[in-house]
file entry39.csv (CSV, C-alpha atoms and all ligand atoms)
chain,number,residue,atom,x,y,z
A,1,MET,CA,-10.0,14.7,-15.1
A,2,VAL,CA,-6.4,14.8,-16.4
A,3,LYS,CA,-5.2,11.6,-18.1
A,4,LYS,CA,-2.4,9.9,-16.2
A,5,ALA,CA,0.4,7.4,-16.8
A,6,GLU,CA,2.5,5.5,-14.4
A,7,LEU,CA,6.0,4.0,-14.8
A,8,HIS,CA,6.8,2.8,-11.3
A,9,VAL,CA,4.6,0.4,-9.5
A,10,HIS,CA,5.4,-3.1,-8.1
A,11,LEU,CA,2.6,-5.4,-9.3
A,12,GLU,CA,3.0,-7.7,-6.3
A,13,GLY,CA,2.7,-4.6,-4.1
A,14,THR,CA,-0.6,-3.5,-5.7
A,15,ALA,CA,-2.7,-6.3,-4.1
A,16,THR,CA,-4.9,-4.8,-1.4
A,17,PRO,CA,-5.3,-6.4,2.0
A,18,ALA,CA,-8.8,-7.6,1.0
A,19,LEU,CA,-7.4,-9.3,-2.2
A,20,VAL,CA,-4.5,-10.8,-0.2
A,21,ARG,CA,-6.9,-12.3,2.3
A,22,GLN,CA,-9.1,-13.6,-0.6
A,23,MET,CA,-6.2,-15.3,-2.4
A,24,ALA,CA,-4.9,-16.8,0.8
A,25,SER,CA,-8.3,-18.3,1.6
A,26,GLN,CA,-8.8,-19.6,-2.0
A,27,ASN,CA,-5.3,-21.1,-2.0
A,28,GLY,CA,-5.6,-22.5,1.5
A,29,ALA,CA,-2.4,-20.6,2.3
A,30,MET,CA,-1.3,-19.7,5.9
A,31,LEU,CA,-1.3,-16.0,6.3
A,32,ASP,CA,0.8,-14.4,9.1
A,33,PRO,CA,-1.8,-12.3,11.0
A,34,THR,CA,0.9,-9.8,12.0
A,35,ILE,CA,1.1,-8.4,8.5
A,36,PHE,CA,-2.3,-6.6,9.2
A,37,LYS,CA,-3.1,-3.9,11.6
A,38,SER,CA,-6.4,-3.9,13.6
A,39,ASP,CA,-8.0,-1.7,10.9
A,40,GLY,CA,-7.2,-4.4,8.3
A,41,GLU,CA,-4.4,-2.3,6.5
A,42,PHE,CA,-0.9,-3.7,6.1
A,43,ALA,CA,1.3,-3.4,9.2
A,44,TRP,CA,4.9,-2.3,9.1
A,45,THR,CA,7.0,0.5,10.7
A,46,ASP,CA,10.1,0.8,8.6
A,47,PHE,CA,11.4,0.0,5.2
A,48,TRP,CA,12.8,-3.4,6.2
A,49,GLU,CA,9.6,-4.4,7.9
A,50,PHE,CA,7.8,-3.2,4.8
A,51,LEU,CA,9.8,-5.5,2.6
A,52,ASP,CA,9.0,-8.4,4.9
A,53,CYS,CA,5.3,-7.6,5.0
A,54,TYR,CA,5.4,-7.2,1.2
A,55,ASP,CA,7.0,-10.7,0.7
A,56,LYS,CA,4.5,-12.4,3.0
A,57,ALA,CA,1.5,-10.7,1.2
A,58,ALA,CA,3.0,-11.4,-2.2
A,59,ALA,CA,3.3,-15.2,-1.3
A,60,THR,CA,-0.5,-15.4,-1.5
A,61,ILE,CA,-0.3,-14.8,-5.3
A,62,MET,CA,0.1,-18.5,-6.1
A,63,THR,CA,-1.5,-19.2,-9.4
A,64,LYS,CA,-1.7,-17.8,-13.0
A,65,ASP,CA,-5.2,-16.7,-12.3
A,66,ASP,CA,-4.2,-14.9,-9.1
A,67,TYR,CA,-1.7,-12.9,-11.2
A,68,ARG,CA,-4.4,-12.1,-13.7
A,69,LEU,CA,-6.7,-11.0,-10.9
A,70,VAL,CA,-4.1,-8.8,-9.2
A,71,THR,CA,-3.2,-7.1,-12.5
A,72,TYR,CA,-6.9,-6.7,-13.5
A,73,ASP,CA,-7.9,-5.3,-10.1
A,74,TYR,CA,-5.1,-2.8,-10.1
A,75,LEU,CA,-5.6,-1.6,-13.7
A,76,ALA,CA,-9.4,-1.3,-13.0
A,77,ARG,CA,-8.6,1.0,-10.1
A,78,CYS,CA,-6.2,3.0,-12.2
A,79,ALA,CA,-8.7,3.4,-15.1
A,80,ARG,CA,-11.2,4.8,-12.6
A,81,GLU,CA,-8.7,7.6,-12.0
A,82,ASN,CA,-8.3,8.2,-15.7
A,83,THR,CA,-5.0,6.5,-16.0
A,84,ILE,CA,-4.4,5.4,-19.6
A,85,TYR,CA,-1.1,3.5,-19.3
A,86,VAL,CA,0.7,1.6,-16.5
A,87,GLU,CA,4.2,0.1,-16.8
A,88,MET,CA,4.3,-2.4,-13.9
A,89,PHE,CA,7.2,-4.2,-12.3
A,90,SER,CA,6.8,-8.0,-12.1
A,91,SER,CA,9.0,-10.2,-9.9
A,92,PRO,CA,9.6,-13.8,-11.2
A,93,ASP,CA,11.6,-14.4,-8.0
A,94,HIS,CA,8.4,-13.8,-5.9
A,95,ALA,CA,6.5,-16.1,-8.2
A,96,ALA,CA,9.2,-18.8,-7.9
A,97,GLU,CA,9.1,-18.6,-4.1
A,98,VAL,CA,5.5,-20.1,-4.3
A,99,GLY,CA,6.5,-22.6,-7.0
A,100,MET,CA,5.1,-20.7,-10.0
A,101,SER,CA,6.9,-20.9,-13.4
A,102,TYR,CA,8.0,-17.7,-15.2
A,103,THR,CA,5.6,-18.5,-18.0
A,104,ASP,CA,2.5,-18.9,-15.7
A,105,HIS,CA,3.5,-15.7,-13.9
A,106,LEU,CA,3.8,-13.8,-17.2
A,107,ASP,CA,0.7,-15.4,-18.9
A,108,GLY,CA,-1.4,-14.4,-15.8
A,109,ILE,CA,-0.3,-10.8,-15.9
A,110,ALA,CA,-0.8,-10.6,-19.7
A,111,ALA,CA,-4.3,-12.0,-19.3
A,112,GLY,CA,-5.0,-9.2,-16.7
A,113,ILE,CA,-3.7,-6.6,-19.1
A,114,ASP,CA,-5.9,-7.9,-21.9
A,115,ASP,CA,-9.0,-8.1,-19.8
A,116,ALA,CA,-8.5,-4.6,-18.4
A,117,ARG,CA,-7.9,-3.2,-21.9
A,118,LYS,CA,-11.2,-4.8,-23.1
A,119,ASP,CA,-13.2,-3.6,-20.1
A,120,PHE,CA,-11.6,-0.1,-19.5
A,121,GLY,CA,-9.5,0.8,-22.5
A,122,ILE,CA,-6.4,1.1,-20.2
A,123,GLU,CA,-3.0,-0.2,-21.6
A,124,GLY,CA,-0.3,-1.9,-19.6
A,125,ARG,CA,3.2,-3.3,-20.1
A,126,ILE,CA,5.6,-5.2,-18.0
A,127,ILE,CA,9.1,-4.5,-16.6
A,128,VAL,CA,10.6,-7.6,-15.2
A,129,THR,CA,12.6,-7.0,-12.0
A,130,CYS,CA,15.2,-8.7,-10.0
A,131,VAL,CA,15.7,-8.2,-6.3
A,132,ARG,CA,18.9,-6.4,-5.3
A,133,HIS,CA,19.3,-8.1,-1.9
A,134,PHE,CA,19.0,-11.6,-3.6
A,135,GLY,CA,22.4,-10.8,-5.2
A,136,ALA,CA,24.0,-10.8,-8.6
A,137,GLU,CA,23.7,-14.5,-9.5
A,138,ARG,CA,19.9,-14.5,-9.1
A,139,ALA,CA,19.7,-11.2,-11.0
A,140,LEU,CA,21.6,-12.7,-13.9
A,141,ALA,CA,19.3,-15.8,-13.8
A,142,VAL,CA,16.2,-13.5,-14.1
A,143,ALA,CA,17.8,-11.7,-17.0
A,144,LYS,CA,18.6,-15.0,-18.7
A,145,LEU,CA,15.0,-16.1,-18.2
A,146,VAL,CA,13.6,-12.9,-19.7
A,147,THR,CA,15.9,-13.0,-22.8
A,148,SER,CA,15.3,-16.7,-23.4
A,149,THR,CA,11.5,-16.4,-23.1
A,150,PRO,CA,10.5,-13.2,-24.9
A,151,HIS,CA,6.9,-11.9,-24.5
A,152,PRO,CA,5.4,-8.9,-26.4
A,153,TYR,CA,4.3,-7.2,-23.2
A,154,VAL,CA,7.7,-7.4,-21.5
A,155,VAL,CA,9.4,-4.2,-22.4
A,156,GLY,CA,12.1,-3.7,-19.9
A,157,PHE,CA,14.2,-4.8,-16.9
A,158,GLY,CA,14.6,-3.3,-13.5
A,159,MET,CA,15.8,-3.9,-10.0
A,160,GLY,CA,14.2,-3.1,-6.6
A,161,GLY,CA,15.0,-4.3,-3.1
A,162,ASP,CA,17.4,-3.2,-0.5
A,163,GLU,CA,19.6,-0.5,-2.0
A,164,SER,CA,22.1,-0.7,0.9
A,165,ARG,CA,23.1,-4.2,-0.2
A,166,PHE,CA,25.7,-4.9,-3.0
A,167,HIS,CA,27.1,-2.5,-5.5
A,168,PRO,CA,25.6,-1.6,-9.0
A,169,ASP,CA,28.8,-3.1,-10.5
A,170,ASP,CA,27.6,-6.5,-9.3
A,171,PHE,CA,24.6,-6.3,-11.5
A,172,SER,CA,26.4,-5.0,-14.6
A,173,ALA,CA,26.3,-8.4,-16.4
A,174,ALA,CA,22.5,-8.8,-15.9
A,175,PHE,CA,21.7,-5.2,-17.0
A,176,HIS,CA,24.1,-5.4,-20.0
A,177,LEU,CA,22.6,-8.8,-21.1
A,178,MET,CA,19.2,-7.1,-21.1
A,179,LYS,CA,20.4,-4.1,-23.0
A,180,LYS,CA,22.1,-6.2,-25.6
A,181,ALA,CA,18.9,-8.1,-26.1
A,182,GLY,CA,17.1,-4.8,-26.9
A,183,TYR,CA,15.4,-4.1,-23.6
A,184,GLN,CA,15.5,-0.7,-21.8
A,185,THR,CA,16.3,-0.7,-18.1
A,186,THR,CA,15.7,1.2,-14.9
A,187,ASN,CA,17.1,0.8,-11.4
A,188,HIS,CA,15.9,1.9,-7.9
A,189,ALA,CA,18.6,4.4,-6.8
A,190,GLY,CA,18.7,7.3,-4.5
A,191,GLU,CA,15.8,6.1,-2.4
A,192,PHE,CA,17.4,4.7,0.8
A,193,ALA,CA,21.0,5.5,-0.3
A,194,GLY,CA,22.3,8.9,-1.2
A,195,PRO,CA,23.3,10.6,-4.5
A,196,GLU,CA,26.4,8.4,-4.7
A,197,SER,CA,24.1,5.4,-5.3
A,198,ILE,CA,22.6,7.2,-8.3
A,199,ARG,CA,26.1,8.1,-9.7
A,200,ALA,CA,27.2,4.5,-9.3
A,201,SER,CA,24.1,3.2,-11.1
A,202,LEU,CA,24.6,5.6,-14.0
A,203,ALA,CA,28.2,4.6,-14.2
A,204,ALA,CA,27.8,0.8,-14.0
A,205,LEU,CA,24.4,0.1,-15.6
A,206,PRO,CA,23.0,1.0,-19.1
A,207,ILE,CA,19.8,2.5,-17.5
A,208,SER,CA,17.4,4.8,-19.4
A,209,ARG,CA,15.5,6.0,-16.3
A,210,ILE,CA,16.0,6.1,-12.5
A,211,GLY,CA,13.6,4.6,-10.0
A,212,HIS,CA,13.1,7.3,-7.3
A,213,GLY,CA,16.4,9.2,-7.7
A,214,VAL,CA,14.9,11.6,-5.2
A,215,ARG,CA,18.1,11.9,-3.2
A,216,ALA,CA,19.8,13.6,-6.1
A,217,ILE,CA,18.4,16.7,-4.4
A,218,GLU,CA,21.4,16.5,-2.0
A,219,ASP,CA,23.9,17.0,-4.8
A,220,ASN,CA,23.5,20.0,-7.1
A,221,ASP,CA,26.0,18.8,-9.8
A,222,LEU,CA,24.1,15.6,-10.1
A,223,LEU,CA,20.8,17.4,-10.2
A,224,GLU,CA,22.1,19.5,-13.1
A,225,GLU,CA,23.4,16.4,-14.9
A,226,LEU,CA,20.1,14.6,-14.6
A,227,ALA,CA,18.3,17.7,-16.0
A,228,ASP,CA,20.9,18.2,-18.8
A,229,ARG,CA,20.8,14.5,-19.8
A,230,HIS,CA,17.0,14.4,-19.6
A,231,ILE,CA,17.1,11.3,-17.5
A,232,PRO,CA,13.6,10.5,-16.5
A,233,LEU,CA,13.0,10.2,-12.7
A,234,GLU,CA,10.3,7.9,-11.5
A,235,LEU,CA,9.4,10.0,-8.4
A,236,CYS,CA,7.1,8.5,-5.8
A,237,PRO,CA,6.4,11.3,-3.2
A,238,GLY,CA,3.7,9.4,-1.2
A,239,SER,CA,6.0,6.3,-0.9
A,240,ASN,CA,8.9,8.5,0.3
A,241,VAL,CA,6.8,10.1,3.0
A,242,ALA,CA,5.3,6.7,4.0
A,243,THR,CA,8.7,5.1,4.4
A,244,GLY,CA,10.0,8.1,6.4
A,245,LEU,CA,12.4,9.6,3.9
A,246,TYR,CA,10.5,13.0,4.3
A,247,GLU,CA,8.4,14.2,7.1
A,248,SER,CA,5.5,15.3,4.8
A,249,ARG,CA,4.6,15.8,1.2
A,250,GLU,CA,5.3,19.5,1.8
A,251,LYS,CA,8.9,18.7,2.7
A,252,HIS,CA,9.3,16.4,-0.4
A,253,PRO,CA,11.6,18.0,-3.0
A,254,PHE,CA,9.3,17.2,-6.0
A,255,ARG,CA,8.8,20.9,-6.9
A,256,GLN,CA,12.6,21.5,-6.8
A,257,PHE,CA,13.2,18.7,-9.4
A,258,MET,CA,10.6,20.4,-11.6
A,259,ASP,CA,12.2,23.8,-11.2
A,260,ALA,CA,15.6,22.4,-11.9
A,261,GLY,CA,14.3,21.3,-15.3
A,262,CYS,CA,14.3,17.5,-14.6
A,263,LEU,CA,12.1,15.1,-16.4
A,264,VAL,CA,9.7,14.1,-13.6
A,265,THR,CA,7.0,11.6,-13.4
A,266,LEU,CA,4.5,10.7,-10.6
A,267,ASN,CA,4.1,7.2,-9.4
A,268,SER,CA,2.5,5.2,-6.6
A,269,ASP,CA,5.2,2.5,-6.0
A,270,ASP,CA,3.2,0.1,-3.7
A,271,PRO,CA,-0.2,1.8,-3.4
A,272,PRO,CA,-2.0,-0.1,-0.6
A,273,TYR,CA,1.1,-0.1,1.6
A,274,PHE,CA,1.6,3.7,1.2
A,275,ALA,CA,-2.1,4.7,1.3
A,276,THR,CA,-1.8,6.1,-2.2
A,277,SER,CA,-2.7,5.7,-5.8
A,278,VAL,CA,-1.5,7.3,-9.0
A,279,GLY,CA,-4.6,9.6,-8.9
A,280,GLN,CA,-3.7,10.6,-5.3
A,281,GLU,CA,-0.2,11.4,-6.4
A,282,TYR,CA,-1.5,13.7,-9.1
A,283,GLU,CA,-4.1,15.3,-6.8
A,284,GLN,CA,-1.7,15.9,-3.9
A,285,ALA,CA,1.1,17.1,-6.2
A,286,ALA,CA,-1.3,19.7,-7.7
A,287,LYS,CA,-2.4,20.9,-4.3
A,288,ILE,CA,0.9,20.9,-2.5
A,289,TYR,CA,3.4,21.8,-5.3
A,290,GLY,CA,1.0,24.2,-6.9
A,291,LEU,CA,0.8,22.4,-10.3
A,292,SER,CA,-1.6,23.6,-13.0
A,293,GLU,CA,-3.5,21.3,-15.3
A,294,THR,CA,-0.9,22.0,-17.9
A,295,ASP,CA,1.9,20.9,-15.5
A,296,LEU,CA,-0.1,17.7,-14.8
A,297,LYS,CA,-0.5,17.0,-18.5
A,298,ASN,CA,3.2,17.6,-19.0
A,299,ILE,CA,3.9,15.0,-16.3
A,300,THR,CA,1.8,12.5,-18.2
A,301,ARG,CA,3.6,13.4,-21.4
A,302,ASN,CA,6.9,12.9,-19.6
A,303,ALA,CA,5.8,9.4,-18.5
A,304,LEU,CA,4.6,8.4,-21.9
A,305,SER,CA,7.6,9.7,-23.8
A,306,SER,CA,9.9,7.9,-21.3
A,307,ALA,CA,7.9,4.7,-21.5
A,308,PHE,CA,9.6,1.5,-22.6
A,309,CYS,CA,6.8,0.4,-24.9
A,310,ASP,CA,7.0,0.5,-28.7
A,311,GLU,CA,6.9,3.8,-30.5
A,312,GLU,CA,3.5,3.1,-32.2
A,313,LEU,CA,1.8,2.6,-28.8
A,314,LYS,CA,3.6,5.6,-27.3
A,315,ALA,CA,2.4,7.8,-30.2
A,316,ARG,CA,-1.2,6.5,-29.8
A,317,LEU,CA,-1.2,7.2,-26.1
A,318,LEU,CA,0.4,10.6,-26.4
A,319,SER,CA,-2.3,11.6,-28.9
A,320,ARG,CA,-4.9,11.0,-26.2
A,321,ILE,CA,-3.5,13.6,-23.8
B,1,LIG,N1,10.2,-3.2,-3.7
B,1,LIG,C1,8.9,-2.9,-3.6
B,1,LIG,N2,8.8,-1.6,-3.2
B,1,LIG,C2,10.1,-1.1,-3.2
B,1,LIG,C3,10.7,0.2,-2.9
B,1,LIG,N3,9.9,1.2,-2.6
B,1,LIG,N4,12.0,0.2,-2.9
B,1,LIG,C4,12.7,-0.8,-3.2
B,1,LIG,N5,12.2,-2.0,-3.5
B,1,LIG,C5,10.9,-2.2,-3.5
B,2,ZN,ZN,9.7,0.9,-6.3

call {"tool": "encode", "arguments": {"input": "entry39.csv", "output": "structure tokens"}}
result
Amino acid sequence: MVKKAELHVHLEGTATPALVRQMASQNGAMLDPTIFKSDGEFAWTDFWEFLDCYDKAAATIMTKDDYRLVTYDYLARCARENTIYVEMFSSPDHAAEVGMSYTDHLDGIAAGIDDARKDFGIEGRIIVTCVRHFGAERALAVAKLVTSTPHPYVVGFGMGGDESRFHPDDFSAAFHLMKKAGYQTTNHAGEFAGPESIRASLAALPISRIGHGVRAIEDNDLLEELADRHIPLELCPGSNVATGLYESREKHPFRQFMDAGCLVTLNSDDPPYFATSVGQEYEQAAKIYGLSETDLKNITRNALSSAFCDEELKARLLSRI
């Protein structure tokens, strides 16, 4: 089985319905029954309903040990698919919603990474994210929290949330603060907004990678620029199909990005919501886009060489491919 690496997954969005129910019960938390379908899977029909369902499920992660468990459970699943490295987005805003401190949130995730390394040999690092629709002030507050509380596993800063809200310029202070403090950054762009959102992010923010970026396919000049500048794209085909951006994996432009010479990676985004996993992404991409084993290995190399972790770890992981 090809070794895999993942750069784009939301930790709070990795908790399975079973784990969410378990945490809710342990914490005595009220759980809105409408977030589950009759088959037990998460219930949502469009991106905004997805975000709402995600927030309600994430609110069951209430303690440091819950964060450890969510992280460990996800990394265990990844290791079974021969994934050797995962860079996961964590959201202190979600932790704060349930009254958890940034330190507890972080310590829980770090314990999950340590336990998973010990049991499965998988490595993990954290990209702290802010939430775009919470606005610029809260984004800057998250950035200040991260820079004032350094942790060896926190290697970057990112932003998810509703891309139709606010402008990348509004988040310039937060991203530049992180960059100045030595962190690399990435931003969700060109998922629910068009190529202009990618251009605006590149102009306003010191980003090293783009989260999704898939809608660059609608702008040939931008596609060429992304290829020429070797800007890594955190592509998530299964997620894009699940949220209705493309009708099917066959209609997803993944192959066109590869053929244009872009630096592509394969990612699961929010696996239980989108009925996927990093292993599924590799398997489906091989089948549908006609990727060889060499292509898949190159995708893992792309991910590892674009990772935000330190060079020593990067070299060690690359030597395992
Ligand atoms: N937060 C969690 N998943 C997301 C996605 N696919 N896009 C934007 N924000 C998110
Ligand atoms: Zn995402």

call {"tool": "closest_residue", "arguments": {"input": "entry39.csv", "among": "A:Leu202, A:Val9, A:Val70, A:Ile321", "to": "ligand LIG 1 (chain B)", "atoms": "all atoms listed in the file"}}
result
A:Val9

call {"tool": "residues_near_ligand", "arguments": {"input": "entry39.csv", "ligand": "ligand ZN 2 (chain B)", "cutoff": "7 Å", "atoms": "only C-alpha atoms and all ligand atoms", "output": "short mmCIF file (atom, residue, chain, number, x, y, z; two decimals) with C-alpha atoms, keeping the file's coordinate frame"}}
result
data_model
loop_
_atom_site.label_atom_id
_atom_site.label_comp_id
_atom_site.auth_asym_id
_atom_site.auth_seq_id
_atom_site.Cartn_x
_atom_site.Cartn_y
_atom_site.Cartn_z
CA HIS A 8 6.80 2.80 -11.30
CA VAL A 9 4.60 0.40 -9.50
CA HIS A 10 5.40 -3.10 -8.10
CA GLY A 160 14.20 -3.10 -6.60
CA HIS A 188 15.90 1.90 -7.90
CA GLY A 211 13.60 4.60 -10.00
CA ASP A 269 5.20 2.50 -6.00
#

call {"tool": "closest_residue", "arguments": {"input": "entry39.csv", "among": "A:Cys236, A:Leu75, A:Ala141, A:Ala59", "to": "ligand LIG 1 (chain B)", "atoms": "all atoms listed in the file"}}
result
A:Cys236

call {"tool": "residues_around", "arguments": {"input": "entry39.csv", "residues": "A:Ser277", "least_positions_apart": "4", "cutoff": "8 Å", "atoms": "all atoms listed in the file", "output": "list in words"}}
result
Cys78, Asn267, Ser268, Pro271, Pro272 and Glu281 of chain A

call {"tool": "residues_near_ligand", "arguments": {"input": "entry39.csv", "ligand": "ligand LIG 1 (chain B)", "cutoff": "9 Å", "atoms": "all atoms listed in the file", "output": "list in words"}}
result
Val9, His10, Leu11, Glu12, Gly13, Phe47, Phe50, Leu51, Tyr54, Phe89, Val131, Arg132, Met159, Gly160, Gly161, Asp162, Glu163, His188, Ala189, Glu191, Phe192, Gly211, His212, Cys236, Ser239, Asn240, Thr243, Asp269 and Asp270 of chain A

call {"tool": "write_last_selection", "arguments": {"input": "entry39.csv", "atoms": "C-alpha atoms", "output": "PDB file, in the coordinates of the input"}}
result
ATOM      1  CA  VAL A   9       4.600   0.400  -9.500  1.00  0.00           C
ATOM      2  CA  HIS A  10       5.400  -3.100  -8.100  1.00  0.00           C
ATOM      3  CA  LEU A  11       2.600  -5.400  -9.300  1.00  0.00           C
ATOM      4  CA  GLU A  12       3.000  -7.700  -6.300  1.00  0.00           C
ATOM      5  CA  GLY A  13       2.700  -4.600  -4.100  1.00  0.00           C
ATOM      6  CA  PHE A  47      11.400   0.000   5.200  1.00  0.00           C
ATOM      7  CA  PHE A  50       7.800  -3.200   4.800  1.00  0.00           C
ATOM      8  CA  LEU A  51       9.800  -5.500   2.600  1.00  0.00           C
ATOM      9  CA  TYR A  54       5.400  -7.200   1.200  1.00  0.00           C
ATOM     10  CA  PHE A  89       7.200  -4.200 -12.300  1.00  0.00           C
ATOM     11  CA  VAL A 131      15.700  -8.200  -6.300  1.00  0.00           C
ATOM     12  CA  ARG A 132      18.900  -6.400  -5.300  1.00  0.00           C
ATOM     13  CA  MET A 159      15.800  -3.900 -10.000  1.00  0.00           C
ATOM     14  CA  GLY A 160      14.200  -3.100  -6.600  1.00  0.00           C
ATOM     15  CA  GLY A 161      15.000  -4.300  -3.100  1.00  0.00           C
ATOM     16  CA  ASP A 162      17.400  -3.200  -0.500  1.00  0.00           C
ATOM     17  CA  GLU A 163      19.600  -0.500  -2.000  1.00  0.00           C
ATOM     18  CA  HIS A 188      15.900   1.900  -7.900  1.00  0.00           C
ATOM     19  CA  ALA A 189      18.600   4.400  -6.800  1.00  0.00           C
ATOM     20  CA  GLU A 191      15.800   6.100  -2.400  1.00  0.00           C
ATOM     21  CA  PHE A 192      17.400   4.700   0.800  1.00  0.00           C
ATOM     22  CA  GLY A 211      13.600   4.600 -10.000  1.00  0.00           C
ATOM     23  CA  HIS A 212      13.100   7.300  -7.300  1.00  0.00           C
ATOM     24  CA  CYS A 236       7.100   8.500  -5.800  1.00  0.00           C
ATOM     25  CA  SER A 239       6.000   6.300  -0.900  1.00  0.00           C
ATOM     26  CA  ASN A 240       8.900   8.500   0.300  1.00  0.00           C
ATOM     27  CA  THR A 243       8.700   5.100   4.400  1.00  0.00           C
ATOM     28  CA  ASP A 269       5.200   2.500  -6.000  1.00  0.00           C
ATOM     29  CA  ASP A 270       3.200   0.100  -3.700  1.00  0.00           C
TER      30      ASP A 270
END

call {"tool": "closest_residue", "arguments": {"input": "entry39.csv", "among": "A:Val214, A:Met258, A:Asn298, A:Arg138", "to": "A:Val241", "atoms": "all atoms listed in the file"}}
result
A:Val214

call {"tool": "residues_around", "arguments": {"input": "entry39.csv", "residues": "A:Thr265", "least_positions_apart": "6", "cutoff": "8 Å", "atoms": "all atoms listed in the file", "output": "MDAnalysis selection string"}}
result
chainID A and resid 6:7 232:235 299:300 302:303

call {"tool": "residues_near_point", "arguments": {"input": "entry39.csv", "point": "(0.9, -13.3, -25.5)", "cutoff": "7 Å", "atoms": "all atoms listed in the file", "output": "ChimeraX atom specification"}}
result
/A:107,110,151-152

call {"tool": "closest_residue", "arguments": {"input": "entry39.csv", "among": "A:Ala76, A:Ala193, A:Ala58, A:Leu318", "to": "A:Arg301", "atoms": "all atoms listed in the file"}}
result
A:Leu318

call {"tool": "closest_residue", "arguments": {"input": "entry39.csv", "among": "A:Pro195, A:Gly121, A:Gly135, A:Gly156", "to": "A:Phe171", "atoms": "all atoms listed in the file"}}
result
A:Gly135

call {"tool": "residues_around", "arguments": {"input": "entry39.csv", "residues": "A:Lys64", "least_positions_apart": "2", "cutoff": "12 Å", "atoms": "all atoms listed in the file", "output": "PyMOL selection string"}}
result
chain A and resi 23+60-62+66-71+95+98-112

call {"tool": "write_last_selection", "arguments": {"input": "entry39.csv", "atoms": "C-alpha atoms", "output": "short mmCIF file (atom, residue, chain, number, x, y, z; two decimals), in the frame of the given file"}}
result
data_model
loop_
_atom_site.label_atom_id
_atom_site.label_comp_id
_atom_site.auth_asym_id
_atom_site.auth_seq_id
_atom_site.Cartn_x
_atom_site.Cartn_y
_atom_site.Cartn_z
CA MET A 23 -6.20 -15.30 -2.40
CA THR A 60 -0.50 -15.40 -1.50
CA ILE A 61 -0.30 -14.80 -5.30
CA MET A 62 0.10 -18.50 -6.10
CA ASP A 66 -4.20 -14.90 -9.10
CA TYR A 67 -1.70 -12.90 -11.20
CA ARG A 68 -4.40 -12.10 -13.70
CA LEU A 69 -6.70 -11.00 -10.90
CA VAL A 70 -4.10 -8.80 -9.20
CA THR A 71 -3.20 -7.10 -12.50
CA ALA A 95 6.50 -16.10 -8.20
CA VAL A 98 5.50 -20.10 -4.30
CA GLY A 99 6.50 -22.60 -7.00
CA MET A 100 5.10 -20.70 -10.00
CA SER A 101 6.90 -20.90 -13.40
CA TYR A 102 8.00 -17.70 -15.20
CA THR A 103 5.60 -18.50 -18.00
CA ASP A 104 2.50 -18.90 -15.70
CA HIS A 105 3.50 -15.70 -13.90
CA LEU A 106 3.80 -13.80 -17.20
CA ASP A 107 0.70 -15.40 -18.90
CA GLY A 108 -1.40 -14.40 -15.80
CA ILE A 109 -0.30 -10.80 -15.90
CA ALA A 110 -0.80 -10.60 -19.70
CA ALA A 111 -4.30 -12.00 -19.30
CA GLY A 112 -5.00 -9.20 -16.70
#

call {"tool": "atom_distance", "arguments": {"input": "entry39.csv", "atom1": "atom CA of A:Ser91", "atom2": "atom CA of A:Asp65"}}
result
15.8 Å

call {"tool": "decode", "arguments": {"input": "entry39.csv", "residues": "stretch 93-105 of chain A", "atoms": "C-alpha atoms", "output": "PDB file, in the first residue's frame"}}
result
ATOM      1  CA  ASP A  93     -12.696  29.064  18.823  1.00  0.00           C
ATOM      2  CA  HIS A  94     -14.637  25.780  18.887  1.00  0.00           C
ATOM      3  CA  ALA A  95     -12.876  24.766  22.124  1.00  0.00           C
ATOM      4  CA  ALA A  96     -13.673  28.168  23.672  1.00  0.00           C
ATOM      5  CA  GLU A  97     -17.370  27.767  22.752  1.00  0.00           C
ATOM      6  CA  VAL A  98     -17.539  24.909  25.304  1.00  0.00           C
ATOM      7  CA  GLY A  99     -15.405  26.731  27.861  1.00  0.00           C
ATOM      8  CA  MET A 100     -12.095  25.017  27.186  1.00  0.00           C
ATOM      9  CA  SER A 101      -8.821  26.897  27.442  1.00  0.00           C
ATOM     10  CA  TYR A 102      -6.374  27.028  24.533  1.00  0.00           C
ATOM     11  CA  THR A 103      -3.801  25.154  26.624  1.00  0.00           C
ATOM     12  CA  ASP A 104      -6.173  22.270  27.429  1.00  0.00           C
ATOM     13  CA  HIS A 105      -7.267  22.108  23.777  1.00  0.00           C
TER      14      HIS A 105
END
